[in-house]
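Q: Structure: query04.txt, compact mmCIF, C-alpha atoms and all ligand atoms.
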```txt
# COMPACT_ATOMS: atom_id res chain seq x y z
CA MET Q 1 33.73 -6.68 20.52
CA ALA Q 2 37.45 -6.77 19.68
CA GLN Q 3 38.39 -9.78 17.58
CA GLU Q 4 41.02 -12.14 18.95
CA ARG Q 5 43.98 -12.21 16.60
CA VAL Q 6 47.03 -14.45 16.66
CA LEU Q 7 49.91 -12.46 15.20
CA THR Q 8 52.29 -14.11 12.78
CA THR Q 9 54.27 -10.88 12.24
CA PRO Q 10 56.73 -9.35 14.77
CA GLY Q 11 54.66 -7.99 17.65
CA HIS Q 12 54.88 -4.32 16.66
CA TYR Q 13 53.14 -4.46 13.30
CA ALA Q 14 50.14 -6.26 11.84
CA TYR Q 15 48.32 -6.65 8.55
CA ILE Q 16 44.67 -5.66 8.54
CA LYS Q 17 42.57 -6.95 5.69
CA ILE Q 18 39.73 -4.51 5.13
CA SER Q 19 37.96 -6.30 2.30
CA GLU Q 20 37.96 -9.45 0.23
CA GLY Q 21 37.55 -9.83 -3.52
CA CYS Q 22 37.53 -7.30 -6.34
CA ASN Q 23 34.87 -5.76 -8.56
CA ARG Q 24 37.29 -4.61 -11.25
CA ARG Q 25 37.75 -6.69 -14.34
CA CYS Q 26 41.34 -6.22 -15.45
CA ALA Q 27 41.68 -8.42 -18.51
CA TYR Q 28 44.78 -10.30 -17.31
CA CYS Q 29 43.78 -10.88 -13.69
CA ALA Q 30 42.35 -14.07 -12.19
CA ILE Q 31 41.79 -12.63 -8.70
CA PRO Q 32 38.09 -11.71 -9.21
CA ILE Q 33 37.51 -15.23 -10.55
CA ILE Q 34 39.12 -16.75 -7.46
CA THR Q 35 37.94 -14.37 -4.74
CA GLY Q 36 34.61 -13.16 -6.09
CA ALA Q 37 33.04 -9.71 -5.73
CA HIS Q 38 34.40 -7.01 -3.43
CA LYS Q 39 33.19 -7.42 0.15
CA SER Q 40 34.11 -4.68 2.63
CA ARG Q 41 34.35 -5.31 6.35
CA PRO Q 42 32.36 -2.83 8.43
CA ILE Q 43 34.33 0.15 9.78
CA GLU Q 44 33.38 -0.67 13.40
CA GLU Q 45 34.66 -4.24 13.09
CA ILE Q 46 38.01 -3.06 11.73
CA VAL Q 47 38.32 -0.33 14.38
CA ASP Q 48 37.65 -2.92 17.10
CA GLU Q 49 40.30 -5.21 15.67
CA VAL Q 50 42.85 -2.38 15.62
CA ARG Q 51 42.00 -1.42 19.22
CA GLY Q 52 42.50 -5.04 20.30
CA LEU Q 53 45.88 -5.19 18.58
CA VAL Q 54 47.01 -1.86 20.05
CA ALA Q 55 46.24 -3.32 23.48
CA LYS Q 56 48.61 -6.18 22.60
CA GLY Q 57 51.41 -3.76 21.69
CA VAL Q 58 50.96 -3.39 17.92
CA LYS Q 59 51.99 0.08 16.74
CA GLU Q 60 52.04 -0.13 12.95
CA PHE Q 61 49.15 -1.23 10.76
CA GLN Q 62 49.49 -2.40 7.16
CA ILE Q 63 46.05 -1.87 5.66
CA ILE Q 64 45.54 -4.29 2.80
CA ALA Q 65 42.90 -4.99 0.17
CA GLN Q 66 42.98 -6.25 -3.40
CA GLU Q 67 41.59 -2.83 -4.32
CA LEU Q 68 41.42 -0.45 -1.40
CA THR Q 69 39.93 2.54 -3.24
CA PHE Q 70 36.70 0.54 -3.66
CA TYR Q 71 36.39 0.08 0.10
CA GLY Q 72 32.89 0.91 1.32
CA VAL Q 73 31.10 1.07 -2.05
CA ASP Q 74 29.27 -2.20 -1.36
CA LEU Q 75 28.48 -1.46 2.31
CA TYR Q 76 28.06 2.32 2.48
CA LYS Q 77 27.33 3.09 -1.20
CA LYS Q 78 30.36 5.36 -1.43
CA GLN Q 79 34.14 5.12 -1.41
CA SER Q 80 34.98 5.19 2.29
CA ILE Q 81 38.68 4.47 2.58
CA ALA Q 82 39.44 8.04 3.78
CA GLN Q 83 36.83 7.75 6.57
CA LEU Q 84 38.16 4.36 7.62
CA VAL Q 85 41.76 5.58 7.76
CA GLU Q 86 40.67 8.63 9.80
CA ARG Q 87 38.92 6.39 12.31
CA ILE Q 88 41.98 4.16 12.67
CA SER Q 89 44.24 7.19 12.89
CA ASP Q 90 42.18 8.52 15.84
CA ILE Q 91 42.96 5.44 17.95
CA GLU Q 92 45.52 6.23 20.61
CA GLY Q 93 48.64 4.11 20.24
CA VAL Q 94 48.47 3.80 16.45
CA GLU Q 95 51.90 5.06 15.37
CA TRP Q 96 51.78 4.25 11.66
CA ILE Q 97 49.11 3.31 9.13
CA ARG Q 98 50.31 2.17 5.71
CA LEU Q 99 48.16 1.53 2.65
CA HIS Q 100 48.56 -1.22 0.09
CA TYR Q 101 47.07 -1.79 -3.34
CA ALA Q 102 45.22 1.20 -4.70
CA TYR Q 103 43.65 1.38 -8.16
CA PRO Q 104 44.03 4.50 -10.32
CA THR Q 105 40.51 4.91 -11.76
CA ASN Q 106 38.16 7.15 -9.70
CA PHE Q 107 40.86 7.60 -7.11
CA PRO Q 108 39.34 8.95 -3.85
CA TYR Q 109 41.28 12.19 -3.44
CA ASP Q 110 40.05 12.76 0.12
CA LEU Q 111 42.51 10.00 1.06
CA LEU Q 112 45.36 12.33 0.07
CA ARG Q 113 44.03 15.00 2.45
CA VAL Q 114 44.00 12.47 5.30
CA MET Q 115 47.54 11.41 4.43
CA ARG Q 116 48.71 15.03 4.37
CA GLU Q 117 47.00 16.04 7.61
CA ARG Q 118 47.60 13.02 9.83
CA ASP Q 119 51.07 12.35 11.19
CA ASN Q 120 50.37 8.68 11.83
CA VAL Q 121 49.25 7.98 8.25
CA CYS Q 122 52.42 7.12 6.36
CA LYS Q 123 53.03 9.23 3.27
CA TYR Q 124 53.22 6.01 1.32
CA LEU Q 125 50.99 4.49 -1.30
CA ASP Q 126 51.25 1.21 -3.14
CA ILE Q 127 49.38 1.77 -6.39
CA ALA Q 128 49.73 -0.74 -9.22
CA LEU Q 129 49.54 1.24 -12.47
CA GLN Q 130 50.50 -1.67 -14.78
CA HIS Q 131 51.13 0.48 -17.87
CA VAL Q 132 50.80 3.98 -19.27
CA SER Q 133 49.98 3.55 -22.96
CA THR Q 134 46.29 4.33 -23.51
CA LYS Q 135 46.14 1.56 -26.11
CA VAL Q 136 47.53 -1.05 -23.71
CA LEU Q 137 45.49 0.22 -20.74
CA LYS Q 138 42.35 -0.06 -22.85
CA LYS Q 139 43.16 -3.64 -23.79
CA MET Q 140 43.85 -4.32 -20.11
CA HIS Q 141 40.34 -2.94 -19.24
CA ARG Q 142 41.84 -0.53 -16.74
CA ASN Q 143 39.40 2.33 -17.56
CA VAL Q 144 42.15 4.91 -17.41
CA THR Q 145 44.25 6.74 -20.01
CA LYS Q 146 47.84 7.91 -20.31
CA GLU Q 147 46.78 11.50 -19.57
CA ASP Q 148 44.81 10.39 -16.47
CA THR Q 149 47.80 8.45 -15.21
CA TYR Q 150 50.24 11.37 -15.55
CA ALA Q 151 47.70 13.68 -13.90
CA LEU Q 152 47.14 11.27 -11.01
CA VAL Q 153 50.83 11.00 -10.16
CA GLU Q 154 51.22 14.77 -10.45
CA ARG Q 155 48.28 15.41 -8.12
CA MET Q 156 49.49 12.89 -5.53
CA ARG Q 157 52.87 14.62 -5.41
CA GLU Q 158 51.23 18.05 -5.19
CA GLU Q 159 48.76 17.14 -2.46
CA VAL Q 160 51.13 15.04 -0.37
CA PRO Q 161 54.61 16.53 -0.70
CA GLY Q 162 57.25 13.85 -0.20
CA ILE Q 163 54.81 10.96 -0.77
CA CYS Q 164 56.54 7.64 -1.44
CA LEU Q 165 54.94 5.88 -4.40
CA ARG Q 166 55.37 2.17 -4.99
CA THR Q 167 54.00 0.75 -8.21
CA THR Q 168 53.94 -2.36 -10.35
CA MET Q 169 54.27 -2.47 -14.13
CA MET Q 170 53.61 -5.22 -16.62
CA VAL Q 171 55.58 -5.60 -19.86
CA GLY Q 172 54.73 -7.69 -22.89
CA PHE Q 173 50.94 -7.48 -22.65
CA PRO Q 174 49.30 -8.22 -26.04
CA GLY Q 175 49.30 -5.01 -28.08
CA GLU Q 176 52.47 -3.60 -26.53
CA GLY Q 177 54.65 -2.73 -29.50
CA GLU Q 178 57.96 -0.84 -29.36
CA LYS Q 179 56.07 2.47 -29.38
CA GLU Q 180 53.92 1.52 -26.38
CA PHE Q 181 56.93 0.17 -24.50
CA GLU Q 182 58.82 3.44 -25.11
CA GLU Q 183 55.81 5.31 -23.69
CA LEU Q 184 56.17 3.19 -20.57
CA MET Q 185 59.92 3.88 -20.34
CA ASP Q 186 59.33 7.64 -20.73
CA PHE Q 187 56.69 7.56 -18.01
CA VAL Q 188 58.90 5.66 -15.56
CA LYS Q 189 61.76 8.11 -16.19
CA TRP Q 190 59.39 11.02 -15.63
CA ALA Q 191 57.54 9.67 -12.59
CA LYS Q 192 60.68 8.57 -10.70
CA PHE Q 193 58.81 6.10 -8.52
CA ASP Q 194 60.44 5.45 -5.19
CA ARG Q 195 59.90 1.74 -5.78
CA LEU Q 196 58.82 -0.17 -8.82
CA GLY Q 197 58.24 -3.87 -9.31
CA ALA Q 198 57.76 -5.21 -12.83
CA PHE Q 199 56.87 -8.52 -14.38
CA ALA Q 200 56.35 -10.01 -17.80
CA TYR Q 201 52.80 -10.81 -18.90
CA CYS Q 202 51.85 -14.43 -18.60
CA GLU Q 203 48.42 -15.83 -19.45
CA GLU Q 204 46.17 -16.71 -16.50
CA GLU Q 205 43.57 -19.37 -17.23
CA GLY Q 206 39.99 -18.17 -17.45
CA THR Q 207 40.84 -14.48 -17.82
CA PHE Q 208 39.51 -12.28 -20.61
CA ALA Q 209 43.02 -11.79 -22.00
CA ALA Q 210 43.80 -15.50 -22.09
CA GLU Q 211 40.56 -16.23 -23.89
CA ASN Q 212 40.51 -13.31 -26.31
CA TYR Q 213 44.07 -12.12 -27.05
CA ARG Q 214 47.02 -13.89 -28.58
CA ASP Q 215 50.06 -13.88 -26.29
CA SER Q 216 52.10 -12.75 -29.28
CA ILE Q 217 55.25 -11.28 -27.74
CA SER Q 218 58.10 -13.77 -27.38
CA LYS Q 219 59.54 -14.66 -23.98
CA LYS Q 220 62.90 -13.27 -25.08
CA LYS Q 221 61.39 -9.92 -26.06
CA LYS Q 222 59.45 -9.71 -22.79
CA GLN Q 223 62.61 -10.40 -20.80
CA GLU Q 224 64.53 -7.79 -22.81
CA ARG Q 225 61.91 -5.17 -22.03
CA LEU Q 226 61.80 -6.16 -18.38
CA ASP Q 227 65.59 -5.81 -18.12
CA ARG Q 228 65.56 -2.39 -19.80
CA LEU Q 229 62.81 -1.14 -17.53
CA MET Q 230 64.45 -2.40 -14.36
CA GLU Q 231 67.80 -0.93 -15.36
CA VAL Q 232 66.22 2.52 -15.57
CA GLN Q 233 64.41 2.04 -12.28
CA GLN Q 234 67.56 0.82 -10.54
CA ARG Q 235 69.27 4.12 -11.32
CA ILE Q 236 66.24 6.06 -10.08
CA SER Q 237 65.95 4.08 -6.82
CA THR Q 238 69.68 4.45 -6.11
CA ARG Q 239 69.57 8.20 -6.68
CA LEU Q 240 66.48 8.62 -4.50
CA ASN Q 241 68.09 6.61 -1.71
CA GLU Q 242 71.34 8.57 -1.97
CA ALA Q 243 69.38 11.81 -1.67
CA LYS Q 244 68.31 10.69 1.82
CA THR Q 245 71.89 10.85 3.11
CA GLY Q 246 72.17 13.42 5.89
CA ASN Q 247 68.42 13.47 6.63
CA VAL Q 248 66.85 12.28 9.88
CA TYR Q 249 63.88 9.87 9.75
CA LYS Q 250 61.63 8.36 12.36
CA THR Q 251 62.61 4.69 12.15
CA VAL Q 252 61.11 1.56 13.68
CA ILE Q 253 63.43 -1.28 14.64
CA ASP Q 254 62.19 -4.61 13.23
CA ARG Q 255 64.93 -7.07 14.21
CA VAL Q 256 68.64 -7.70 14.78
CA GLU Q 257 70.72 -9.46 12.15
CA GLY Q 258 74.42 -10.09 12.81
CA ASP Q 259 76.02 -6.79 13.77
CA TYR Q 260 73.06 -4.66 12.72
CA TYR Q 261 69.68 -3.53 13.94
CA ILE Q 262 67.33 -3.54 10.95
CA GLY Q 263 64.79 -0.75 10.81
CA ARG Q 264 62.37 1.00 8.45
CA THR Q 265 61.21 4.58 7.90
CA GLU Q 266 57.61 5.59 7.17
CA PHE Q 267 58.51 5.18 3.48
CA ASP Q 268 59.24 1.47 3.78
CA SER Q 269 56.89 -1.46 4.07
CA PRO Q 270 58.14 -4.69 5.72
CA ASP Q 271 59.73 -7.32 3.48
CA VAL Q 272 59.45 -5.41 0.19
CA ASP Q 273 61.13 -2.03 0.71
CA THR Q 274 64.39 -0.43 1.77
CA GLU Q 275 65.79 -1.21 5.21
CA VAL Q 276 67.84 0.99 7.52
CA LEU Q 277 70.91 -0.68 9.01
CA ILE Q 278 72.21 0.58 12.36
CA HIS Q 279 75.38 -0.95 13.82
CA VAL Q 280 74.87 -2.62 17.21
CA ASN Q 281 77.82 -0.59 18.56
CA GLU Q 282 75.44 2.39 18.46
CA GLY Q 283 74.04 1.19 21.79
CA GLU Q 284 71.11 -0.94 22.80
CA LEU Q 285 67.91 -0.41 20.82
CA THR Q 286 64.53 -2.06 21.46
CA ILE Q 287 62.73 -4.05 18.75
CA GLY Q 288 59.45 -2.34 17.95
CA ASN Q 289 60.52 1.05 19.26
CA PHE Q 290 60.88 4.19 17.15
CA TYR Q 291 64.08 6.26 16.96
CA ASN Q 292 65.25 9.29 15.05
CA VAL Q 293 67.91 7.99 12.70
CA ARG Q 294 70.29 10.06 10.57
CA ILE Q 295 71.10 8.44 7.22
CA THR Q 296 74.85 8.23 6.67
CA ASP Q 297 75.09 6.14 3.49
CA ALA Q 298 72.85 4.56 0.84
CA THR Q 299 72.74 1.86 -1.84
CA GLU Q 300 69.88 0.86 -4.15
CA PHE Q 301 68.37 -1.39 -1.48
CA ASP Q 302 69.65 -0.27 1.92
CA LEU Q 303 70.31 2.79 4.01
CA MET Q 304 72.90 3.03 6.76
CA GLY Q 305 72.16 5.20 9.76
CA THR Q 306 73.06 6.36 13.23
CA VAL Q 307 70.62 7.09 16.04
CA GLU Q 308 70.29 10.77 16.97
CA LYS Q 309 70.98 11.10 20.68
S1 LIG P 401 44.50 -6.33 -11.02
FE1 LIG P 401 43.75 -5.65 -9.03
S2 LIG P 401 42.08 -4.23 -9.53
FE2 LIG P 401 42.45 -5.46 -11.38
S3 LIG P 401 41.02 -7.18 -11.22
FE3 LIG P 401 42.97 -7.85 -10.34
S4 LIG P 401 42.76 -7.46 -8.16
FE4 LIG P 401 41.17 -6.29 -9.19
```
As structure tokens, how would this structure be written, given the file I've shared?
A:
Amino acid sequence: MAQERVLTTPGHYAYIKISEGCNRRCAYCAIPIITGAHKSRPIEEIVDEVRGLVAKGVKEFQIIAQELTFYGVDLYKKQSIAQLVERISDIEGVEWIRLHYAYPTNFPYDLLRVMRERDNVCKYLDIALQHVSTKVLKKMHRNVTKEDTYALVERMREEVPGICLRTTMMVGFPGEGEKEFEELMDFVKWAKFDRLGAFAYCEEEGTFAAENYRDSISKKKKQERLDRLMEVQQRISTRLNEAKTGNVYKTVIDRVEGDYYIGRTEFDSPDVDTEVLIHVNEGELTIGNFYNVRITDATEFDLMGTVEK
């Protein structure tokens, strides 16, 4: 039976939580302490919810989990995110499926096949990598190395050409010396993430790191590293946005603000990513509808566009 959902988002997109909790034990993270072990929702229940929302006019689905690559291990004894996404993708009326919060260790590569083959699965992945230095990753209990991390990004780009990667990095974790920080800078320059959020390490009560490591890097040093990292990323994001000028993208219209319709391409999640601004003089557009938009200008955060007639 389809679940009744009251939408708090604009009517054309919705967030679908596919699991609660997390079985990983990243040393700095309090989420497993707060939310408990990973608990997947059954595929049929999620599919029913999506069907119900499609019937109400929802077209875009933001699939969210603390750790979506673990989906299904508890219920079906195997990673099942690819199967779940395929099932959702089969539902008529689902225009876009977008995935948030993947984990790099034991990444389920069949998900990349689904992303490549299905037009309604956005070529977009939000994968928090946190760091690249093997020494730091080990202290973070991430079960992944520098070599694994480079190889993962390379494979994602190979298997899903044009994939938009959003990641999060942490600076100033105990054990991050200048050498480890430079490794991170080199990686970010190499990977050229479409989007990157970063934050300075801060102890969370009850976590392994808070109880076992000394938070030895000064606030000033952490901020300095954060600024250096974000400066590099800013240049990358601006260049990547500028490279979109002249291209045409399927764009959904989210809202009107002043003289502009505000839209997003398949490479942009609501609230956190780039927006496409289309002047209202372009003609009347409908919120929640999709249009082919040619990008005419770009900044680090926004794209300007005109609707292809
Ligand atoms: S950082 Fe993410 S994967 Fe790691 S324990 Fe926290 S929620 Fe789980």
Q: Write out as CSV the residues of chain Q that have any atom within 8 Å of an atom of ligand LIG 401 (chain P), one row each with the nearest atom pair and its distance in Å to one decimal, counting all atoms listed in the file, sorted by chain and then rising number.
A:
```
residue,atom,partner,partner_atom,distance
Q:Gly21,CA,P:LIG401,S4,7.4
Q:Cys22,CA,P:LIG401,FE4,4.7
Q:Asn23,CA,P:LIG401,FE4,6.4
Q:Arg24,CA,P:LIG401,S3,4.5
Q:Arg25,CA,P:LIG401,S3,4.5
Q:Cys26,CA,P:LIG401,FE2,4.3
Q:Ala27,CA,P:LIG401,S3,7.4
Q:Tyr28,CA,P:LIG401,S1,7.4
Q:Cys29,CA,P:LIG401,FE3,4.6
Q:Ala30,CA,P:LIG401,FE3,6.5
Q:Ile31,CA,P:LIG401,FE3,5.2
Q:Pro32,CA,P:LIG401,S3,5.8
Q:Gln66,CA,P:LIG401,S4,4.9
Q:Glu67,CA,P:LIG401,S2,5.4
Q:Tyr101,CA,P:LIG401,FE1,7.6
Q:Ala102,CA,P:LIG401,S2,7.9
Q:Tyr103,CA,P:LIG401,S2,6.0
Q:Ala128,CA,P:LIG401,FE1,7.7
Q:Arg142,CA,P:LIG401,FE2,7.3
```
Q: Give me, as a list in words, all polymer residues having an atom no more than 7 Å from region 284-288 of chain Q, counting only C-alpha atoms and skipping those fewer than 3 positions away in the same chain.
A: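 These residues fall inside the cut-off: His12, Val252, Ile253, Asp254, Arg255 and Val280 of chain Q.
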Q: Give the answer as one residue: which of Q:Asp90, Q:Glu300, Q:Asp110, Q:Glu266 has the shortest atom-to-atom distance to Leu165 (chain Q), using only C-alpha atoms?
A: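 Among the listed residues, Q:Glu266 lies closest to Leu165 (chain Q).
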Q: I need the residue nearest Glu242 (chain Q) from this list: Q:Gly197, Q:Thr299, Q:Val256, Q:Leu111. Use only C-alpha atoms for the distance.
A: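 Nearest to Glu242 (chain Q): Q:Thr299.
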Q: Provide the CA of Lys59 (chain Q) to CA of Val94 (chain Q) distance in Å, to one decimal place.
A: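 Here the two named atoms are 5.1 Å from each other.
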Q: Compile the contact shell of Pro108 (chain Q) as a PyMOL selection string: residues with an atom at most 8 Å away, counting only C-alpha atoms, same-chain residues fewer than 3 positions apart removed.
A: chain Q and resi 69+79+81-82+111-112
Q: CA of Ala209 (chain Q) to CA of Met230 (chain Q): how many Å, to one decimal?
A: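 That distance, rounded to one decimal, is 24.6 Å.
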Q: What does the distance between CA of Asn281 (chain Q) and CA of Ser269 (chain Q) come to in Å, to one decimal place?
A: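 It comes out at 25.5 Å.
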Q: What lies within 9 Å of Asn241 (chain Q) using only C-alpha atoms, ignoring chain neighbours under 2 positions off, as a PyMOL selection string?
A: chain Q and resi 194+236-239+243-245+274+297-303
Q: Based on the selection just made, write C-alpha atoms of those residues as a short mmCIF file (atom, residue, chain, number, x, y, z; two decimals), in the coordinates of the input.
A:
```cif
data_model
loop_
_atom_site.label_atom_id
_atom_site.label_comp_id
_atom_site.auth_asym_id
_atom_site.auth_seq_id
_atom_site.Cartn_x
_atom_site.Cartn_y
_atom_site.Cartn_z
CA ASP Q 194 60.44 5.45 -5.19
CA ILE Q 236 66.24 6.06 -10.08
CA SER Q 237 65.95 4.08 -6.82
CA THR Q 238 69.68 4.45 -6.11
CA ARG Q 239 69.57 8.20 -6.68
CA ALA Q 243 69.38 11.81 -1.67
CA LYS Q 244 68.31 10.69 1.82
CA THR Q 245 71.89 10.85 3.11
CA THR Q 274 64.39 -0.43 1.77
CA ASP Q 297 75.09 6.14 3.49
CA ALA Q 298 72.85 4.56 0.84
CA THR Q 299 72.74 1.86 -1.84
CA GLU Q 300 69.88 0.86 -4.15
CA PHE Q 301 68.37 -1.39 -1.48
CA ASP Q 302 69.65 -0.27 1.92
CA LEU Q 303 70.31 2.79 4.01
#
```
Q: Fewer than 5 positions away in the same chain doesn't count, so skip those; otherwise give me all residues within 7 Å of region 184-187 of chain Q, counting only C-alpha atoms, as a list of chain:residue names.
A: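 The residues satisfying every condition are Q:His131, Q:Val132, Q:Ser133, Q:Leu229.
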Q: Please return the centre and edge lengths, in Å to one decimal, of a box with edges along x, y and z that contains all listed atoms of region 281-291 of chain Q, widened by 8 Å on every side, as JSON.
A:
```
{"center_x": 68.6, "center_y": 1.1, "center_z": 19.9, "size_x": 34.4, "size_y": 26.3, "size_z": 21.8}
```
Q: Measuring atom to atom with only C-alpha atoms, identify which of Q:Glu204, Q:Glu158, Q:Asp126, Q:Glu231 is nearest to Asp273 (chain Q).
A: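 Counting only C-alpha atoms, the residue closest to Asp273 (chain Q) is Q:Asp126.
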Q: May I ask which of the residues Q:Glu92, Q:Glu224, Q:Glu275, Q:Glu180 is the closest one to Ile262 (chain Q), counting only C-alpha atoms?
A: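 Among the listed residues, Q:Glu275 lies closest to Ile262 (chain Q).
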Q: So, with only C-alpha atoms as the atoms that count, which of Q:Ala210, Q:Ala37, Q:Leu75, Q:Ile88 lies closest to Ile16 (chain Q)?
A: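 Among Q:Ala210, Q:Ala37, Q:Leu75, Q:Ile88, it is Q:Ile88 that comes nearest to Ile16 (chain Q).
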